[in-house]
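The structure appears below as structure tokens.
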Amino acid sequence: MNGNFTSGTPAAKKSGLSLSGSITMEPIMLRKTKSFHRAVRVLNTLQSNVLERQRRHQENPAVQLKAMHGLLHRTGLSVDDLDKLNIIHVTGTKGKGSTCAFTERILRNYGFRTGFYSSPHLVHVRERIRINGQPISRDCFAKYFWEAYERLDVTKDIYGGSMPFYFQFLTLLAFHVFLRERVDLAVIEVGIGGEYDCTNIIRKPWVCGISSLGIDHSSLLGDTMEKIAWQKAGIFKPGVPAFTVRQPPSPMEVLQDRAEEKGCPLLVCPELDEYEALGGPLHLSLVGDHQRWNASLALQLSYSWLQRQEAERKGRIFSTSSTGRRPGSRAAAFQPSTTMCEGLQETEWLGRNQTVRHGPVTYYIDGAHTKASMQICVHWFQQEMMKNQSRGSTVKVLLFNTSGGRDSAALLKLLVPCQFDYAVFCPNIPETLPNNIAHQDINVSVESMLDSCLANQSSWKSLSRAEGQFPEQLLQHQHHRHHLVVNSGSPSRVFPCILSALRWISQGKDPVLVGGVSGRSDNLLQSADGAKALQEAAHIAVLVTGSLHLVGGALQNLDPSLAL
């Protein structure tokens, strides 16, 4: 058994994909009003009903998925249309995005035209919908946004004025884009859970995957691993092969039981060492031991998809090799093809164990936001610090925030052993400019975000004192609506946005941040008060973590080209 496949004629081209439900209606609004920026502003208004939708979800979790069928129909599509996308459907708590990224890159390397839907976005919403690994263009986004939005808008009165909420709309938009752009396959990452997720309107995926399980979104998915496993297994479909990685015994049993109930052949991926024993060392572009499990899952998903594509190309009926086996049996390792090996080595996935070097300032960027992922992040950061001990005087800085009501204190406690010289807190706002719409969250006020940052700083001070790291100091702060800098006399600060925090941390040593993205010069933010160690340091190491939204805002400032 090996992983060698010929590229051949892509499946979608062979089948002559057609879109019977494509939108041909006349535009409702003048062409000049259909700009990309206006599309993003209209999209952001769909956030306003998120809180109400979450309340309804908790009362009746099936309502979201049920609504998707009506919304899909209103955009001119049917579930039958989705069957033509040759979908790889992936869920999990940790590593589902990385698994999707590995899988997409492998299959793209085989010559297939790939679609990839993921969430959340880091810098811009277009990242969520990718074709051949690249976010769709602004023109493409605007074109398909208005096609879908107008169809929903003109039918809303018939449906009691209902419009989809933010994630629902983006899911519909992704399906619309992939069908119109005639991709050969679509890698679809689940948003939250699986059973009731918007993406689970998919009826006939080609293969499904579940990455490592953990506790997250417990208010929606349940507060135990077993409850979460039940939710994740909701993406299993009768006769559709599914793969997972090694899981704790109890949630694994839940996955096995649900797979058996649904008639889904479920296999457990081998460790990456077993592939290497057959074909030599595998080099992964994404760092961290946990990525080895994600890579193994991606290899199995890619291999299964290629098997089916090859069968259909030759006119054969595809059948899984696990027929008659108890769900949860081990999948066989195989010798990865050169194309697969190159895919694993070439995968790009920003904001996960990512290192960005700007002169004497090095940013260690990871969107860890659960206890398990933060433990992995801390281990990675500590290893990086050990490897760079010979570089001379290094000042370590934490830049932290959370989102989604997560337990910040629990995450901060895990970070204390890193022995940071400074801790900096800020909202998930890239910069305090009125035209910053890419990261706009109209459900959260600036005041509440700043209050959360102050609470995080207070937690950090308490944790640090408990560890004997810092002396107790008197907290003094100046707090205005859009202008906040906290000076507690201790090694911690709160800033009003990510840009101001990064400027203070770098103290003019980062050439990208000198003058700021906006060209502003703020004397208060340039204050050297309490920054003597940063000024004198030969190197500054900055760990940016706690939220993918924070990470995205940091990357937007550190590499402005990402926002183009």
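Ordered as shown in the structure tokens, chains take letters A, B, and onward, while each chain numbers its residues from 1 and ligands are numbered from 1 in the order shown.
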Could you give me, as a PDB file with all heavy atoms, in the first residue's frame, the residues within 12 Å of Lys532 of chain A, counting only C-alpha atoms and dropping anything in the same chain fewer than 6 positions from it?
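And here is the file that came out, result_9.pdb:
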```pdb
ATOM      1  N   VAL A 395      14.917  40.282  26.458  1.00  0.00           N
ATOM      2  CA  VAL A 395      13.776  40.629  27.299  1.00  0.00           C
ATOM      3  C   VAL A 395      12.550  39.926  26.751  1.00  0.00           C
ATOM      4  O   VAL A 395      12.251  40.029  25.555  1.00  0.00           O
ATOM      5  CB  VAL A 395      13.550  42.156  27.327  1.00  0.00           C
ATOM      6  CG1 VAL A 395      12.254  42.494  28.046  1.00  0.00           C
ATOM      7  CG2 VAL A 395      14.718  42.842  28.017  1.00  0.00           C
ATOM      8  N   ASP A 421       9.371  39.287  31.376  1.00  0.00           N
ATOM      9  CA  ASP A 421       9.837  40.529  31.994  1.00  0.00           C
ATOM     10  C   ASP A 421       8.740  41.585  31.984  1.00  0.00           C
ATOM     11  O   ASP A 421       8.716  42.470  32.843  1.00  0.00           O
ATOM     12  CB  ASP A 421      11.067  41.039  31.245  1.00  0.00           C
ATOM     13  CG  ASP A 421      12.225  40.058  31.317  1.00  0.00           C
ATOM     14  OD1 ASP A 421      12.778  39.895  32.409  1.00  0.00           O
ATOM     15  OD2 ASP A 421      12.547  39.433  30.283  1.00  0.00           O
ATOM     16  N   TYR A 422       7.856  41.518  31.000  1.00  0.00           N
ATOM     17  CA  TYR A 422       6.716  42.429  30.901  1.00  0.00           C
ATOM     18  C   TYR A 422       5.499  41.637  30.434  1.00  0.00           C
ATOM     19  O   TYR A 422       5.625  40.671  29.667  1.00  0.00           O
ATOM     20  CB  TYR A 422       6.962  43.548  29.882  1.00  0.00           C
ATOM     21  CG  TYR A 422       8.054  44.519  30.250  1.00  0.00           C
ATOM     22  CD1 TYR A 422       9.353  44.298  29.828  1.00  0.00           C
ATOM     23  CD2 TYR A 422       7.778  45.679  30.985  1.00  0.00           C
ATOM     24  CE1 TYR A 422      10.368  45.196  30.148  1.00  0.00           C
ATOM     25  CE2 TYR A 422       8.780  46.581  31.297  1.00  0.00           C
ATOM     26  CZ  TYR A 422      10.080  46.328  30.885  1.00  0.00           C
ATOM     27  OH  TYR A 422      11.073  47.221  31.198  1.00  0.00           O
ATOM     28  N   PRO A 491       5.694  45.344  36.003  1.00  0.00           N
ATOM     29  CA  PRO A 491       5.974  45.056  34.595  1.00  0.00           C
ATOM     30  C   PRO A 491       4.720  44.658  33.826  1.00  0.00           C
ATOM     31  O   PRO A 491       4.640  43.567  33.267  1.00  0.00           O
ATOM     32  CB  PRO A 491       6.988  43.912  34.650  1.00  0.00           C
ATOM     33  CG  PRO A 491       7.464  43.860  36.057  1.00  0.00           C
ATOM     34  CD  PRO A 491       6.330  44.347  36.884  1.00  0.00           C
ATOM     35  N   TRP A 504       4.970  50.175  21.769  1.00  0.00           N
ATOM     36  CA  TRP A 504       5.603  50.334  23.076  1.00  0.00           C
ATOM     37  C   TRP A 504       6.580  49.194  23.345  1.00  0.00           C
ATOM     38  O   TRP A 504       7.685  49.410  23.838  1.00  0.00           O
ATOM     39  CB  TRP A 504       4.544  50.401  24.170  1.00  0.00           C
ATOM     40  CG  TRP A 504       5.150  50.702  25.516  1.00  0.00           C
ATOM     41  CD1 TRP A 504       5.446  51.933  26.036  1.00  0.00           C
ATOM     42  CD2 TRP A 504       5.547  49.751  26.499  1.00  0.00           C
ATOM     43  NE1 TRP A 504       6.006  51.810  27.284  1.00  0.00           N
ATOM     44  CE2 TRP A 504       6.079  50.476  27.597  1.00  0.00           C
ATOM     45  CE3 TRP A 504       5.515  48.355  26.570  1.00  0.00           C
ATOM     46  CZ2 TRP A 504       6.572  49.853  28.741  1.00  0.00           C
ATOM     47  CZ3 TRP A 504       6.002  47.728  27.708  1.00  0.00           C
ATOM     48  CH2 TRP A 504       6.522  48.474  28.786  1.00  0.00           C
ATOM     49  N   ILE A 505       6.162  47.975  23.014  1.00  0.00           N
ATOM     50  CA  ILE A 505       7.025  46.809  23.245  1.00  0.00           C
ATOM     51  C   ILE A 505       8.328  46.931  22.460  1.00  0.00           C
ATOM     52  O   ILE A 505       9.417  46.668  22.979  1.00  0.00           O
ATOM     53  CB  ILE A 505       6.282  45.513  22.859  1.00  0.00           C
ATOM     54  CG1 ILE A 505       5.130  45.238  23.837  1.00  0.00           C
ATOM     55  CG2 ILE A 505       7.249  44.323  22.836  1.00  0.00           C
ATOM     56  CD1 ILE A 505       4.177  44.159  23.361  1.00  0.00           C
ATOM     57  N   SER A 506       8.218  47.322  21.197  1.00  0.00           N
ATOM     58  CA  SER A 506       9.397  47.344  20.323  1.00  0.00           C
ATOM     59  C   SER A 506      10.295  48.545  20.564  1.00  0.00           C
ATOM     60  O   SER A 506      11.469  48.532  20.188  1.00  0.00           O
ATOM     61  CB  SER A 506       8.972  47.307  18.859  1.00  0.00           C
ATOM     62  OG  SER A 506       8.148  48.416  18.535  1.00  0.00           O
ATOM     63  N   GLN A 507       9.785  49.633  21.160  1.00  0.00           N
ATOM     64  CA  GLN A 507      10.588  50.807  21.512  1.00  0.00           C
ATOM     65  C   GLN A 507      11.439  51.311  20.344  1.00  0.00           C
ATOM     66  O   GLN A 507      12.624  51.635  20.493  1.00  0.00           O
ATOM     67  CB  GLN A 507      11.487  50.489  22.712  1.00  0.00           C
ATOM     68  CG  GLN A 507      10.740  50.367  24.032  1.00  0.00           C
ATOM     69  CD  GLN A 507      10.149  51.700  24.491  1.00  0.00           C
ATOM     70  OE1 GLN A 507      10.856  52.697  24.591  1.00  0.00           O
ATOM     71  NE2 GLN A 507       8.852  51.703  24.775  1.00  0.00           N
TER      72      GLN A 507
END
```
Separation of atom CA of Glu127 of chain A from atom CA of Thr402 of chain A in Å: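 Interatomic distance here is 20.8 Å.
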9 Å contact set for Arg108 of chain A, only C-alpha atoms, chain neighbours under 5 positions out, as a ChimeraX atom specification: /A:103,113-114,132-133,343
Would you output that residue set with N, CA, C and O atoms, as an mmCIF file, in the first residue's frame?
```
data_model
loop_
_atom_site.group_PDB
_atom_site.id
_atom_site.type_symbol
_atom_site.label_atom_id
_atom_site.label_comp_id
_atom_site.auth_asym_id
_atom_site.auth_seq_id
_atom_site.Cartn_x
_atom_site.Cartn_y
_atom_site.Cartn_z
ATOM 1 N N THR A 103 -4.151 19.033 4.405
ATOM 2 C CA THR A 103 -4.923 18.261 3.425
ATOM 3 C C THR A 103 -5.089 19.035 2.123
ATOM 4 O O THR A 103 -4.883 18.493 1.021
ATOM 5 N N ARG A 113 -7.972 21.677 -8.368
ATOM 6 C CA ARG A 113 -8.402 23.035 -8.019
ATOM 7 C C ARG A 113 -9.159 22.941 -6.702
ATOM 8 O O ARG A 113 -10.258 22.361 -6.635
ATOM 9 N N THR A 114 -8.587 23.493 -5.650
ATOM 10 C CA THR A 114 -9.119 23.289 -4.307
ATOM 11 C C THR A 114 -9.899 24.492 -3.802
ATOM 12 O O THR A 114 -9.559 25.646 -4.073
ATOM 13 N N ASN A 132 -7.386 27.406 -4.382
ATOM 14 C CA ASN A 132 -5.973 27.067 -4.613
ATOM 15 C C ASN A 132 -5.061 27.719 -3.582
ATOM 16 O O ASN A 132 -3.988 28.240 -3.897
ATOM 17 N N GLY A 133 -5.498 27.702 -2.333
ATOM 18 C CA GLY A 133 -4.679 28.158 -1.225
ATOM 19 C C GLY A 133 -4.665 29.644 -0.998
ATOM 20 O O GLY A 133 -4.108 30.108 0.008
ATOM 21 N N GLY A 343 3.735 18.357 0.089
ATOM 22 C CA GLY A 343 2.589 19.073 0.625
ATOM 23 C C GLY A 343 2.723 19.353 2.104
ATOM 24 O O GLY A 343 2.443 20.466 2.575
#
```
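Comparing the minimum interatomic distances between Ala331 of chain A and each of A:Arg246, A:Arg313, A:His379, A:His73, counting only C-alpha atoms, we find that A:Arg246 sits nearest.
You will find atom CA of Glu274 of chain A at 10.7 Å from atom CA of Pro336 of chain A.
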Which of segment 263-294 of chain A DSSP labels alpha helix (DSSP H), written as a PyMOL selection string: chain A and resi 272-279+291-294
Nearest to Gln168 of chain A, chosen from A:Gln354, A:Asn200, A:Ser137, A:Ser212, with only C-alpha atoms counted in the distances: A:Asn200
Near-segment 239-242 of chain A list (8 Å; only C-alpha atoms; drop same-chain fewer than 3 positions) as a list in words: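 Counting only the stated atoms, we get Lys204, Pro205, Trp206, Val207, Cys208, Gly209, Ile210, Phe236, Gly263, Cys264, Pro265, Leu266, Leu267, Ser304 and Thr320 of chain A.
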Store the residues picked out above in a file with C-alpha atoms, as a compact mmCIF listing (two decimals), in the first residue's frame.
```
# COMPACT_ATOMS: atom_id res chain seq x y z
CA LYS A 204 -22.54 13.37 1.07
CA PRO A 205 -18.94 14.29 1.88
CA TRP A 206 -16.27 12.08 0.38
CA VAL A 207 -14.45 11.66 3.71
CA CYS A 208 -14.65 13.08 7.27
CA GLY A 209 -12.03 13.75 9.93
CA ILE A 210 -11.93 14.50 13.66
CA PHE A 236 -20.38 11.16 10.43
CA GLY A 263 -23.09 3.10 9.64
CA CYS A 264 -19.90 5.13 9.26
CA PRO A 265 -16.59 3.29 8.86
CA LEU A 266 -14.31 4.99 11.42
CA LEU A 267 -10.56 4.38 11.54
CA SER A 304 -8.96 8.26 1.02
CA THR A 320 -13.89 1.51 2.06
```
Distance of atom CA of Thr93 of chain A from atom CA of Met225 of chain A, expressed in Å to one decimal place: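 Atom-to-atom, atom CA of Met225 of chain A to atom CA of Thr93 of chain A, that is 10.3 Å.
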Per-residue DSSP, segment 236-365 of chain A, filtered to strand (DSSP E), as a list in words: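 Residues meeting the strand (DSSP E) criterion: Ala242, Phe243, Thr244, Leu266, Leu267, Val268, Ser329, Arg330, Gln354, Thr355, Val356, Arg357, His358, Val361, Thr362, Tyr363, Tyr364 and Ile365 of chain A.
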Could those residues be written to a file, using N, CA and C atoms, as a PDB file, in the first residue's frame?
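Final output, selection-v1.pdb:
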```pdb
ATOM      1  N   ALA A 242     -14.437   7.783   7.706  1.00  0.00           N
ATOM      2  CA  ALA A 242     -14.053   8.824   8.663  1.00  0.00           C
ATOM      3  C   ALA A 242     -12.780   8.402   9.372  1.00  0.00           C
ATOM      4  N   PHE A 243     -11.983   9.385   9.729  1.00  0.00           N
ATOM      5  CA  PHE A 243     -10.722   9.128  10.416  1.00  0.00           C
ATOM      6  C   PHE A 243     -10.608  10.051  11.616  1.00  0.00           C
ATOM      7  N   THR A 244      -9.966   9.546  12.649  1.00  0.00           N
ATOM      8  CA  THR A 244      -9.676  10.376  13.807  1.00  0.00           C
ATOM      9  C   THR A 244      -8.286  10.029  14.303  1.00  0.00           C
ATOM     10  N   LEU A 266     -15.238   4.101  10.716  1.00  0.00           N
ATOM     11  CA  LEU A 266     -14.311   4.989  11.415  1.00  0.00           C
ATOM     12  C   LEU A 266     -12.991   4.272  11.676  1.00  0.00           C
ATOM     13  N   LEU A 267     -11.891   4.926  11.305  1.00  0.00           N
ATOM     14  CA  LEU A 267     -10.562   4.382  11.542  1.00  0.00           C
ATOM     15  C   LEU A 267      -9.719   5.389  12.316  1.00  0.00           C
ATOM     16  N   VAL A 268      -8.776   4.852  13.112  1.00  0.00           N
ATOM     17  CA  VAL A 268      -7.880   5.687  13.913  1.00  0.00           C
ATOM     18  C   VAL A 268      -6.525   5.759  13.223  1.00  0.00           C
ATOM     19  N   SER A 329     -11.105   0.876  14.557  1.00  0.00           N
ATOM     20  CA  SER A 329      -9.945   0.066  14.218  1.00  0.00           C
ATOM     21  C   SER A 329      -8.839   0.969  13.683  1.00  0.00           C
ATOM     22  N   ARG A 330      -7.623   0.476  13.684  1.00  0.00           N
ATOM     23  CA  ARG A 330      -6.492   1.278  13.239  1.00  0.00           C
ATOM     24  C   ARG A 330      -6.416   1.319  11.721  1.00  0.00           C
ATOM     25  N   GLN A 354       3.977  30.414  14.903  1.00  0.00           N
ATOM     26  CA  GLN A 354       4.641  31.172  13.840  1.00  0.00           C
ATOM     27  C   GLN A 354       5.681  32.122  14.426  1.00  0.00           C
ATOM     28  N   THR A 355       6.816  32.221  13.770  1.00  0.00           N
ATOM     29  CA  THR A 355       7.885  33.113  14.202  1.00  0.00           C
ATOM     30  C   THR A 355       8.091  34.212  13.168  1.00  0.00           C
ATOM     31  N   VAL A 356       8.088  35.456  13.606  1.00  0.00           N
ATOM     32  CA  VAL A 356       8.311  36.607  12.733  1.00  0.00           C
ATOM     33  C   VAL A 356       9.464  37.418  13.318  1.00  0.00           C
ATOM     34  N   ARG A 357      10.526  37.598  12.548  1.00  0.00           N
ATOM     35  CA  ARG A 357      11.709  38.326  13.015  1.00  0.00           C
ATOM     36  C   ARG A 357      11.804  39.683  12.322  1.00  0.00           C
ATOM     37  N   HIS A 358      11.846  40.746  13.107  1.00  0.00           N
ATOM     38  CA  HIS A 358      12.035  42.102  12.611  1.00  0.00           C
ATOM     39  C   HIS A 358      13.237  42.700  13.334  1.00  0.00           C
ATOM     40  N   VAL A 361      13.859  42.321  17.214  1.00  0.00           N
ATOM     41  CA  VAL A 361      12.592  41.927  17.840  1.00  0.00           C
ATOM     42  C   VAL A 361      12.071  40.673  17.151  1.00  0.00           C
ATOM     43  N   THR A 362      11.796  39.630  17.926  1.00  0.00           N
ATOM     44  CA  THR A 362      11.250  38.390  17.392  1.00  0.00           C
ATOM     45  C   THR A 362       9.883  38.151  18.008  1.00  0.00           C
ATOM     46  N   TYR A 363       8.892  37.932  17.155  1.00  0.00           N
ATOM     47  CA  TYR A 363       7.523  37.695  17.602  1.00  0.00           C
ATOM     48  C   TYR A 363       7.202  36.204  17.484  1.00  0.00           C
ATOM     49  N   TYR A 364       6.760  35.620  18.569  1.00  0.00           N
ATOM     50  CA  TYR A 364       6.324  34.226  18.598  1.00  0.00           C
ATOM     51  C   TYR A 364       4.801  34.258  18.676  1.00  0.00           C
ATOM     52  N   ILE A 365       4.157  33.835  17.609  1.00  0.00           N
ATOM     53  CA  ILE A 365       2.732  34.090  17.434  1.00  0.00           C
ATOM     54  C   ILE A 365       1.967  32.777  17.411  1.00  0.00           C
TER      55      ILE A 365
END
```
Selected residue of minimal separation from Lys84 of chain A among A:His121, A:Arg203, A:Lys509, A:Lys461, counting only C-alpha atoms: A:Arg203
Nearest to Glu276 of chain A, chosen from A:Thr75, A:Ser296, A:Gln535, A:Gln345, with only C-alpha atoms counted in the distances: A:Ser296
